[in-house]
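Undergrad: What follows is a single structure, and I will ask about it in a moment.
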Amino acid sequence: AKALSQLRPRQPPILRRHVVRAAPIHVSSVGARATSAVQGEVARAVPVEYHARTGINSRADYETLYNRSIQDPAGFWADLARQFHWEKPWRKDHMSFNFDRRKGQVSTTFFDGARTNICYNAVDRHIEQGRGSQPCFLWEGNDIGEDRVMTFSDVRDEVSRVANWLKSVGIGKGDSVAIYMPMVCELPIAMLACARIGAVHSVVFGGFSAESLSQRIADAKSKVVITASGGARAKKVVPLKQIADKAVQLAAGSGFQVENVLVYEHKSVPKGECAWTEGRDTWYQDAIPQQDRHCPVEWVDSEHPLFLLYTSGSTGNPKGVVHSTGGYMVSAATTTRYIFDLQPGDVYWCTADCGWITGHSYLAYGPLLCGAQSVIFEGVPNYPTPARCWQVVEKYKVRQFYTAPTLVRSLEAQDNKFVTQHDRSSLRILGTVGEPINPRAWMWFFETVGEGRCPIVDTWWQTETGAAMITPLPGAWPCLPGSATLPFFGVLPVILDDKGKELDGEAEGILGMKQAWPSTIRTVKGDHKRFEETYFSAFPGYYFTGDGCKRSADGQYTITGRVDDVINVSGHRVGTAEVEAALASHGACIEAAVVGFDHDIKGQGIYAYVTLHDGNDFSEDIRKDLVKTVREQIGAFAAPDVIHWAPGLPKTRSGKIMRRILRKIAVKKDDELGDTSTLADPGIVQGIIELRGK
Ligand code: ATP
Ligand code: MG
């Protein structure tokens, strides 16, 4: 065991934890029922007292609205859309959709015939309603003590200047602009500037490589790139301009020429250290202040594309997901308002980067449309200490806090004192997105961070859906650790069997959508055929999510993992999420990832990668105990055949486990791992390989 522990790559000291929790966490406020949820046997409901200002405070309240949203979607969404400014109204039969390829081209329209502008509604509308001097962006820098507040008026002025600059270099309605920026206010400002003039933004996460960026620039045909000299993440400097230069060069090599690069000078990389291409490059700080702070809004059709965003690439080649203007606006605003109970002036924090859909819908557009104050955090959650998140919560008195399960688990692995040393009494709602959250991490988030007071909204959705689809509404029904619970208004989920037959009542199968919602993906950039093949071919008539799902007798939905990852053991279908949750319920385990491998007798066997809390050495005892835990919680058929100790798990930059790599390592096909450059930490792969068979 000693030799093994030496093999484990060292974790940064802040990730160390010396206390091992072997016993289940005792959860005083919810008693024995919740403890069994921690055990992972059957997740039990956790009632949390919360009074929602939206007026949805019971399942009956929800059902009244939900039923209408399904029976009369056009009328339901039209009523919600009236709070916004529409330069021209929609037609009476504004909503239509076809999810069945056999009946013609797949399509969705909402608010057809109407004209609007999302920047106007997100920013100008508040100023016209007298909220111009109210803060809307609360920027918190990478280093402690760096911060900045922007009001709606400040944002409108800056957005207009950037929009005017874009126009001055020839960008107009329908043109695409690539945005490759750190998390500074100028990132959502650049997005809004595009929207103001009807240009289509394509935000590329600042952690992507030059190759990834160039692919996205060329695919979207972005003639203008907005970037920064650099970015700061903890003690690391990311040379964004240098990467963007390489990407522009690569794009040129593949036949696409970028004409203008706007560069925001970030303190991490001073002007003098940037390579410069005269005629192509412009300093933001030189050019933007020169621009007029008035820029008229370009009214666009409701179906005009607002942005494209490439999916994160957990499963394959990125696709440029195209979202509309009107439908997306109404979905983003409505979900934000009901799920986070967000009211004008609330201080709300979503930790996602604007480079992901979560950053688009729930950091930029949703909170702005609701008139809230949105925290924009440039840094990383464990810098300078693992207390940073709670420090920020205390500093700004954050009311709603929305993050990813991976972050919850990494902070859970720290000493609780990092949490408890900061005042979190402002918190009212906690949320997660991106992956299934295992009940144990859920309970920690609920109890330790939220002091048993805050409902957790576990929101299931996708880049393609634009907005949350299956989610609890705070205070309306009890939370169910690890379950997204019920469909949002206008969302009609179905559980399908392998042949595409709809299953009734309590069921497990593939999650599909039967009816369009306003922010339905409209197409894949430049490839409507690929769009139809990816999402509407597996089961004609339904939007195919690619996720497995269980529905309980009372209609609650629990995601079981991706369909491609389902393991078939001796005829039993086993979802990855369930086995992982059971493993992670063990006191010594931080995280687990399971994949299938060919097995002579069972068809497929279960191969589990497990990371342990610091202070635990890999041992036969823990191994046996882990297998026993799964046996007890799920059944003998789900017991892992192999436990592979891992120093960490390979994750995408948005924090999702990349199982395609783990599948290859399990069968020793180390030379077939494919592209690992999009991993948050490509080095982790070697560490995992070295521990195979140990
Ligand atoms: P790609 O489609 O390129 O492979 P991706 O699917 O990871 O990448 P996203 O659109 O960011 O890209 O992620 C959506 C997926 O994340 C969902 O299909 C689901 O598998 C998972 N997911 C998101 N939220 C939840 C949640 N609350 N519970 C369980 N799974 C979730
Ligand atoms: Mg996906």
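Here's how to read the names in the structure tokens: chain A, B, ... by the order shown, residue numbers from 1 in each chain, ligand numbers from 1 in the order shown.
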In segment 363-393 of chain A, what's alpha helix (DSSP H) per DSSP? Answer as a ChimeraX atom specification?

TA: /A:366-369,388-393

Undergrad: Limited to N, CA, C and O atoms, could you put the picked residues into a file as a PDB file, in the first residue's frame?

TA:
```
ATOM      1  N   GLY A 366     -30.524  35.064 -18.264  1.00  0.00           N
ATOM      2  CA  GLY A 366     -31.630  34.844 -17.319  1.00  0.00           C
ATOM      3  C   GLY A 366     -31.674  35.885 -16.198  1.00  0.00           C
ATOM      4  O   GLY A 366     -32.679  36.581 -16.022  1.00  0.00           O
ATOM      5  N   PRO A 367     -30.591  36.043 -15.431  1.00  0.00           N
ATOM      6  CA  PRO A 367     -30.602  37.018 -14.336  1.00  0.00           C
ATOM      7  C   PRO A 367     -30.831  38.450 -14.818  1.00  0.00           C
ATOM      8  O   PRO A 367     -31.544  39.218 -14.168  1.00  0.00           O
ATOM      9  N   LEU A 368     -30.240  38.832 -15.957  1.00  0.00           N
ATOM     10  CA  LEU A 368     -30.453  40.189 -16.476  1.00  0.00           C
ATOM     11  C   LEU A 368     -31.923  40.389 -16.832  1.00  0.00           C
ATOM     12  O   LEU A 368     -32.527  41.407 -16.490  1.00  0.00           O
ATOM     13  N   LEU A 369     -32.485  39.416 -17.510  1.00  0.00           N
ATOM     14  CA  LEU A 369     -33.895  39.544 -17.903  1.00  0.00           C
ATOM     15  C   LEU A 369     -34.791  39.675 -16.672  1.00  0.00           C
ATOM     16  O   LEU A 369     -35.834  40.322 -16.717  1.00  0.00           O
ATOM     17  N   ARG A 388     -13.031  30.072  -0.594  1.00  0.00           N
ATOM     18  CA  ARG A 388     -13.318  31.215  -1.469  1.00  0.00           C
ATOM     19  C   ARG A 388     -14.811  31.366  -1.797  1.00  0.00           C
ATOM     20  O   ARG A 388     -15.356  32.464  -1.732  1.00  0.00           O
ATOM     21  N   CYS A 389     -15.455  30.269  -2.151  1.00  0.00           N
ATOM     22  CA  CYS A 389     -16.875  30.369  -2.529  1.00  0.00           C
ATOM     23  C   CYS A 389     -17.690  30.978  -1.402  1.00  0.00           C
ATOM     24  O   CYS A 389     -18.563  31.822  -1.635  1.00  0.00           O
ATOM     25  N   TRP A 390     -17.420  30.540  -0.197  1.00  0.00           N
ATOM     26  CA  TRP A 390     -18.250  30.961   0.945  1.00  0.00           C
ATOM     27  C   TRP A 390     -17.894  32.373   1.375  1.00  0.00           C
ATOM     28  O   TRP A 390     -18.731  33.107   1.889  1.00  0.00           O
ATOM     29  N   GLN A 391     -16.650  32.737   1.095  1.00  0.00           N
ATOM     30  CA  GLN A 391     -16.211  34.107   1.313  1.00  0.00           C
ATOM     31  C   GLN A 391     -16.988  35.049   0.389  1.00  0.00           C
ATOM     32  O   GLN A 391     -17.441  36.105   0.788  1.00  0.00           O
ATOM     33  N   VAL A 392     -17.120  34.622  -0.868  1.00  0.00           N
ATOM     34  CA  VAL A 392     -17.851  35.425  -1.854  1.00  0.00           C
ATOM     35  C   VAL A 392     -19.339  35.491  -1.485  1.00  0.00           C
ATOM     36  O   VAL A 392     -19.965  36.540  -1.570  1.00  0.00           O
ATOM     37  N   VAL A 393     -19.867  34.373  -1.038  1.00  0.00           N
ATOM     38  CA  VAL A 393     -21.274  34.339  -0.619  1.00  0.00           C
ATOM     39  C   VAL A 393     -21.490  35.343   0.514  1.00  0.00           C
ATOM     40  O   VAL A 393     -22.449  36.115   0.514  1.00  0.00           O
TER      41      VAL A 393
END
```

Undergrad: Enumerate as a PDB file with C-alpha atoms, in the first residue's frame the residues within 9 Å of ligand 1, counting only C-alpha atoms and all ligand atoms.

TA:
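To be explicit, this is the file written out as result39.pdb:
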```pdb
ATOM      1  CA  TYR A 310     -20.592  24.204 -29.422  1.00  0.00           C
ATOM      2  CA  THR A 311     -21.514  21.338 -27.108  1.00  0.00           C
ATOM      3  CA  SER A 312     -18.884  20.504 -24.577  1.00  0.00           C
ATOM      4  CA  GLY A 313     -17.740  17.381 -26.317  1.00  0.00           C
ATOM      5  CA  SER A 314     -18.173  14.742 -23.623  1.00  0.00           C
ATOM      6  CA  THR A 315     -19.214  12.294 -26.308  1.00  0.00           C
ATOM      7  CA  GLY A 316     -17.873  13.258 -29.734  1.00  0.00           C
ATOM      8  CA  ASN A 317     -17.329  15.989 -32.320  1.00  0.00           C
ATOM      9  CA  PRO A 318     -18.651  19.335 -31.147  1.00  0.00           C
ATOM     10  CA  LYS A 319     -21.820  20.549 -32.805  1.00  0.00           C
ATOM     11  CA  TRP A 356     -20.968  26.971 -21.342  1.00  0.00           C
ATOM     12  CA  ILE A 357     -24.696  27.075 -21.880  1.00  0.00           C
ATOM     13  CA  THR A 358     -25.198  27.487 -18.132  1.00  0.00           C
ATOM     14  CA  ALA A 404     -21.889  21.794 -10.616  1.00  0.00           C
ATOM     15  CA  PRO A 405     -21.762  18.467  -8.726  1.00  0.00           C
ATOM     16  CA  THR A 432     -26.710  21.982  -9.364  1.00  0.00           C
ATOM     17  CA  VAL A 433     -26.348  21.184 -13.057  1.00  0.00           C
ATOM     18  CA  GLY A 434     -24.204  19.193 -15.450  1.00  0.00           C
ATOM     19  CA  GLU A 435     -24.124  15.699 -14.058  1.00  0.00           C
ATOM     20  CA  PRO A 436     -26.131  13.507 -11.747  1.00  0.00           C
ATOM     21  CA  ILE A 437     -25.369  14.492  -8.167  1.00  0.00           C
ATOM     22  CA  VAL A 457     -32.699  22.555  -7.357  1.00  0.00           C
ATOM     23  CA  ASP A 458     -31.050  19.707  -9.278  1.00  0.00           C
ATOM     24  CA  THR A 459     -31.659  20.968 -12.799  1.00  0.00           C
ATOM     25  CA  TRP A 460     -31.469  18.543 -15.714  1.00  0.00           C
ATOM     26  CA  TRP A 461     -30.957  20.104 -19.121  1.00  0.00           C
ATOM     27  CA  GLN A 462     -28.588  20.327 -22.083  1.00  0.00           C
ATOM     28  CA  THR A 463     -26.893  22.823 -24.381  1.00  0.00           C
ATOM     29  CA  GLU A 464     -29.552  21.826 -26.892  1.00  0.00           C
ATOM     30  CA  THR A 465     -32.487  22.540 -24.590  1.00  0.00           C
ATOM     31  CA  GLY A 466     -31.281  26.085 -23.847  1.00  0.00           C
ATOM     32  CA  ALA A 468     -33.631  23.815 -17.530  1.00  0.00           C
ATOM     33  CA  ILE A 470     -36.580  18.794 -15.351  1.00  0.00           C
ATOM     34  CA  THR A 471     -36.104  20.451 -11.995  1.00  0.00           C
ATOM     35  CA  GLY A 482     -30.086  12.889  -6.660  1.00  0.00           C
ATOM     36  CA  SER A 483     -33.302  13.458  -8.587  1.00  0.00           C
ATOM     37  CA  ALA A 484     -34.337  16.305 -10.868  1.00  0.00           C
ATOM     38  CA  THR A 545     -31.848  13.403 -25.226  1.00  0.00           C
ATOM     39  CA  GLY A 546     -29.245  10.661 -25.114  1.00  0.00           C
ATOM     40  CA  ASP A 547     -29.879  10.206 -21.396  1.00  0.00           C
ATOM     41  CA  GLY A 548     -31.385   7.308 -19.499  1.00  0.00           C
ATOM     42  CA  THR A 558     -34.308  10.600 -12.053  1.00  0.00           C
ATOM     43  CA  ILE A 559     -31.536  10.629 -14.645  1.00  0.00           C
ATOM     44  CA  THR A 560     -29.597   7.354 -14.661  1.00  0.00           C
ATOM     45  CA  GLY A 561     -26.711   8.446 -16.895  1.00  0.00           C
ATOM     46  CA  ARG A 562     -26.055   8.630 -20.606  1.00  0.00           C
ATOM     47  CA  VAL A 563     -27.635   5.979 -22.782  1.00  0.00           C
ATOM     48  CA  ALA A 577     -25.164   7.120 -12.003  1.00  0.00           C
ATOM     49  CA  THR A 652     -13.992  17.854 -19.433  1.00  0.00           C
ATOM     50  CA  SER A 654     -16.909  21.846 -17.561  1.00  0.00           C
ATOM     51  CA  GLY A 655     -16.321  19.130 -14.985  1.00  0.00           C
ATOM     52  CA  LYS A 656     -17.916  16.093 -16.605  1.00  0.00           C
ATOM     53  CA  ILE A 657     -16.403  12.635 -16.434  1.00  0.00           C
ATOM     54  CA  MET A 658     -15.153  11.485 -19.861  1.00  0.00           C
TER      55      MET A 658
END
```

Undergrad: Would you give me, as a tab-separated table, each residue of segment 152-263 of chain A having an atom within 12 Å of an atom of segment 324-344 of chain A, along with its shortest atom pair and that distance in Å to one decimal, using only C-alpha atoms and sorting by chain and residue number?

TA:
```
residue	atom	partner	partner_atom	distance
A:Phe152	CA	A:Pro344	CA	11.9
A:Gly174	CA	A:Ser324	CA	11.7
A:Ala195	CA	A:Thr325	CA	8.8
A:Arg196	CA	A:Thr325	CA	11.2
A:Gly198	CA	A:Thr325	CA	9.4
A:Ala199	CA	A:Thr325	CA	11.2
A:Val200	CA	A:Ser324	CA	10.0
A:His201	CA	A:Ser324	CA	11.8
```

Undergrad: Gly207 of chain A: which residues within 10 Å, counting only C-alpha atoms, same-chain residues fewer than 4 positions away excluded, as a PDB file with N, CA, C and O atoms, in the first residue's frame?

TA:
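File result_30.pdb, as written:
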```pdb
ATOM      1  N   TYR A 180     -13.645  34.835 -27.006  1.00  0.00           N
ATOM      2  CA  TYR A 180     -12.713  33.938 -26.311  1.00  0.00           C
ATOM      3  C   TYR A 180     -12.081  34.752 -25.193  1.00  0.00           C
ATOM      4  O   TYR A 180     -11.057  35.396 -25.378  1.00  0.00           O
ATOM      5  N   MET A 181     -12.772  34.784 -24.061  1.00  0.00           N
ATOM      6  CA  MET A 181     -12.438  35.759 -23.009  1.00  0.00           C
ATOM      7  C   MET A 181     -12.389  35.115 -21.630  1.00  0.00           C
ATOM      8  O   MET A 181     -13.043  34.104 -21.393  1.00  0.00           O
ATOM      9  N   PRO A 182     -11.674  35.741 -20.713  1.00  0.00           N
ATOM     10  CA  PRO A 182     -11.759  35.306 -19.319  1.00  0.00           C
ATOM     11  C   PRO A 182     -13.065  35.841 -18.728  1.00  0.00           C
ATOM     12  O   PRO A 182     -13.788  36.589 -19.391  1.00  0.00           O
ATOM     13  N   SER A 212      -9.022  23.709 -30.933  1.00  0.00           N
ATOM     14  CA  SER A 212     -10.472  23.728 -30.692  1.00  0.00           C
ATOM     15  C   SER A 212     -11.065  25.073 -31.088  1.00  0.00           C
ATOM     16  O   SER A 212     -12.133  25.144 -31.695  1.00  0.00           O
ATOM     17  N   LEU A 213     -10.369  26.142 -30.728  1.00  0.00           N
ATOM     18  CA  LEU A 213     -10.863  27.478 -31.058  1.00  0.00           C
ATOM     19  C   LEU A 213     -10.903  27.677 -32.573  1.00  0.00           C
ATOM     20  O   LEU A 213     -11.884  28.202 -33.114  1.00  0.00           O
ATOM     21  N   GLY A 231      -5.655  35.652 -19.183  1.00  0.00           N
ATOM     22  CA  GLY A 231      -6.652  35.399 -18.149  1.00  0.00           C
ATOM     23  C   GLY A 231      -5.946  34.857 -16.927  1.00  0.00           C
ATOM     24  O   GLY A 231      -4.835  34.314 -17.030  1.00  0.00           O
ATOM     25  N   VAL A 238      -3.306  32.390 -18.286  1.00  0.00           N
ATOM     26  CA  VAL A 238      -3.643  31.749 -19.558  1.00  0.00           C
ATOM     27  C   VAL A 238      -3.388  32.763 -20.666  1.00  0.00           C
ATOM     28  O   VAL A 238      -4.005  33.827 -20.693  1.00  0.00           O
ATOM     29  N   LEU A 240      -4.277  34.030 -23.464  1.00  0.00           N
ATOM     30  CA  LEU A 240      -5.398  33.938 -24.408  1.00  0.00           C
ATOM     31  C   LEU A 240      -5.067  34.498 -25.792  1.00  0.00           C
ATOM     32  O   LEU A 240      -5.388  33.900 -26.814  1.00  0.00           O
ATOM     33  N   ILE A 243      -2.926  32.176 -27.779  1.00  0.00           N
ATOM     34  CA  ILE A 243      -3.696  31.029 -28.260  1.00  0.00           C
ATOM     35  C   ILE A 243      -4.618  31.463 -29.409  1.00  0.00           C
ATOM     36  O   ILE A 243      -4.733  30.776 -30.426  1.00  0.00           O
ATOM     37  N   GLY A 355     -18.594  30.428 -21.128  1.00  0.00           N
ATOM     38  CA  GLY A 355     -18.296  29.537 -22.246  1.00  0.00           C
ATOM     39  C   GLY A 355     -19.214  28.332 -22.331  1.00  0.00           C
ATOM     40  O   GLY A 355     -19.171  27.584 -23.297  1.00  0.00           O
ATOM     41  N   ARG A 653     -13.582  20.215 -19.362  1.00  0.00           N
ATOM     42  CA  ARG A 653     -13.334  21.466 -18.668  1.00  0.00           C
ATOM     43  C   ARG A 653     -14.569  22.014 -17.984  1.00  0.00           C
ATOM     44  O   ARG A 653     -14.485  22.920 -17.180  1.00  0.00           O
ATOM     45  N   SER A 654     -15.736  21.428 -18.309  1.00  0.00           N
ATOM     46  CA  SER A 654     -16.909  21.846 -17.561  1.00  0.00           C
ATOM     47  C   SER A 654     -17.178  20.876 -16.413  1.00  0.00           C
ATOM     48  O   SER A 654     -18.217  20.934 -15.776  1.00  0.00           O
ATOM     49  N   THR A 678      -8.822  18.133 -24.604  1.00  0.00           N
ATOM     50  CA  THR A 678      -9.921  18.927 -24.048  1.00  0.00           C
ATOM     51  C   THR A 678     -10.171  18.605 -22.569  1.00  0.00           C
ATOM     52  O   THR A 678     -11.069  19.155 -21.958  1.00  0.00           O
ATOM     53  N   LEU A 679      -9.350  17.707 -22.019  1.00  0.00           N
ATOM     54  CA  LEU A 679      -9.497  17.407 -20.595  1.00  0.00           C
ATOM     55  C   LEU A 679      -9.011  18.577 -19.750  1.00  0.00           C
ATOM     56  O   LEU A 679      -8.074  19.277 -20.117  1.00  0.00           O
ATOM     57  N   ALA A 680      -9.635  18.730 -18.584  1.00  0.00           N
ATOM     58  CA  ALA A 680      -9.210  19.791 -17.670  1.00  0.00           C
ATOM     59  C   ALA A 680      -7.766  19.539 -17.250  1.00  0.00           C
ATOM     60  O   ALA A 680      -6.969  20.459 -17.128  1.00  0.00           O
TER      61      ALA A 680
END
```

Undergrad: Could you tell me which of A:Tyr557, A:Ser585, A:Val321, A:Ala441 comes closest to ligand 2 if we count only C-alpha atoms and all ligand atoms?

TA: A:Val321

Undergrad: Calculate how many Å separate atom CA of Ile689 of chain A from atom CA of Asp625 of chain A, rounding to one decimal.

TA: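 One can read the atom CA of Ile689 of chain A to atom CA of Asp625 of chain A distance as 23.1 Å.
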
Undergrad: So which residues touch Asp143 of chain A within 8 Å, counting only C-alpha atoms, skipping near sequence neighbours fewer than 6 positions away, as a PyMOL selection string?

TA: chain A and resi 234+379+384

Undergrad: Would you save the residues of that selection, restricted to all heavy atoms, as a short mmCIF file (atom, residue, chain, number, x, y, z; two decimals), in the first residue's frame?

TA:
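Result file is result36.cif:
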```
data_model
loop_
_atom_site.label_atom_id
_atom_site.label_comp_id
_atom_site.auth_asym_id
_atom_site.auth_seq_id
_atom_site.Cartn_x
_atom_site.Cartn_y
_atom_site.Cartn_z
N ALA A 234 -6.42 31.15 -10.54
CA ALA A 234 -5.55 30.88 -9.39
C ALA A 234 -4.19 31.51 -9.70
O ALA A 234 -4.13 32.67 -10.08
CB ALA A 234 -5.48 29.40 -9.08
N GLY A 379 -12.19 33.85 -10.86
CA GLY A 379 -11.19 32.89 -10.38
C GLY A 379 -11.68 31.47 -10.29
O GLY A 379 -12.57 31.05 -11.02
N PRO A 384 -7.78 31.76 -3.04
CA PRO A 384 -6.54 31.22 -2.47
C PRO A 384 -6.76 30.08 -1.48
O PRO A 384 -5.80 29.39 -1.15
CB PRO A 384 -5.93 32.44 -1.75
CG PRO A 384 -7.07 33.35 -1.48
CD PRO A 384 -8.07 33.11 -2.55
#
```

Undergrad: Please compute the atom CA of His586 of chain A-atom CA of Asp614 of chain A distance, one decimal, in Å.

TA: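 Straight-line distance from atom CA of His586 of chain A to atom CA of Asp614 of chain A works out to 13.9 Å.
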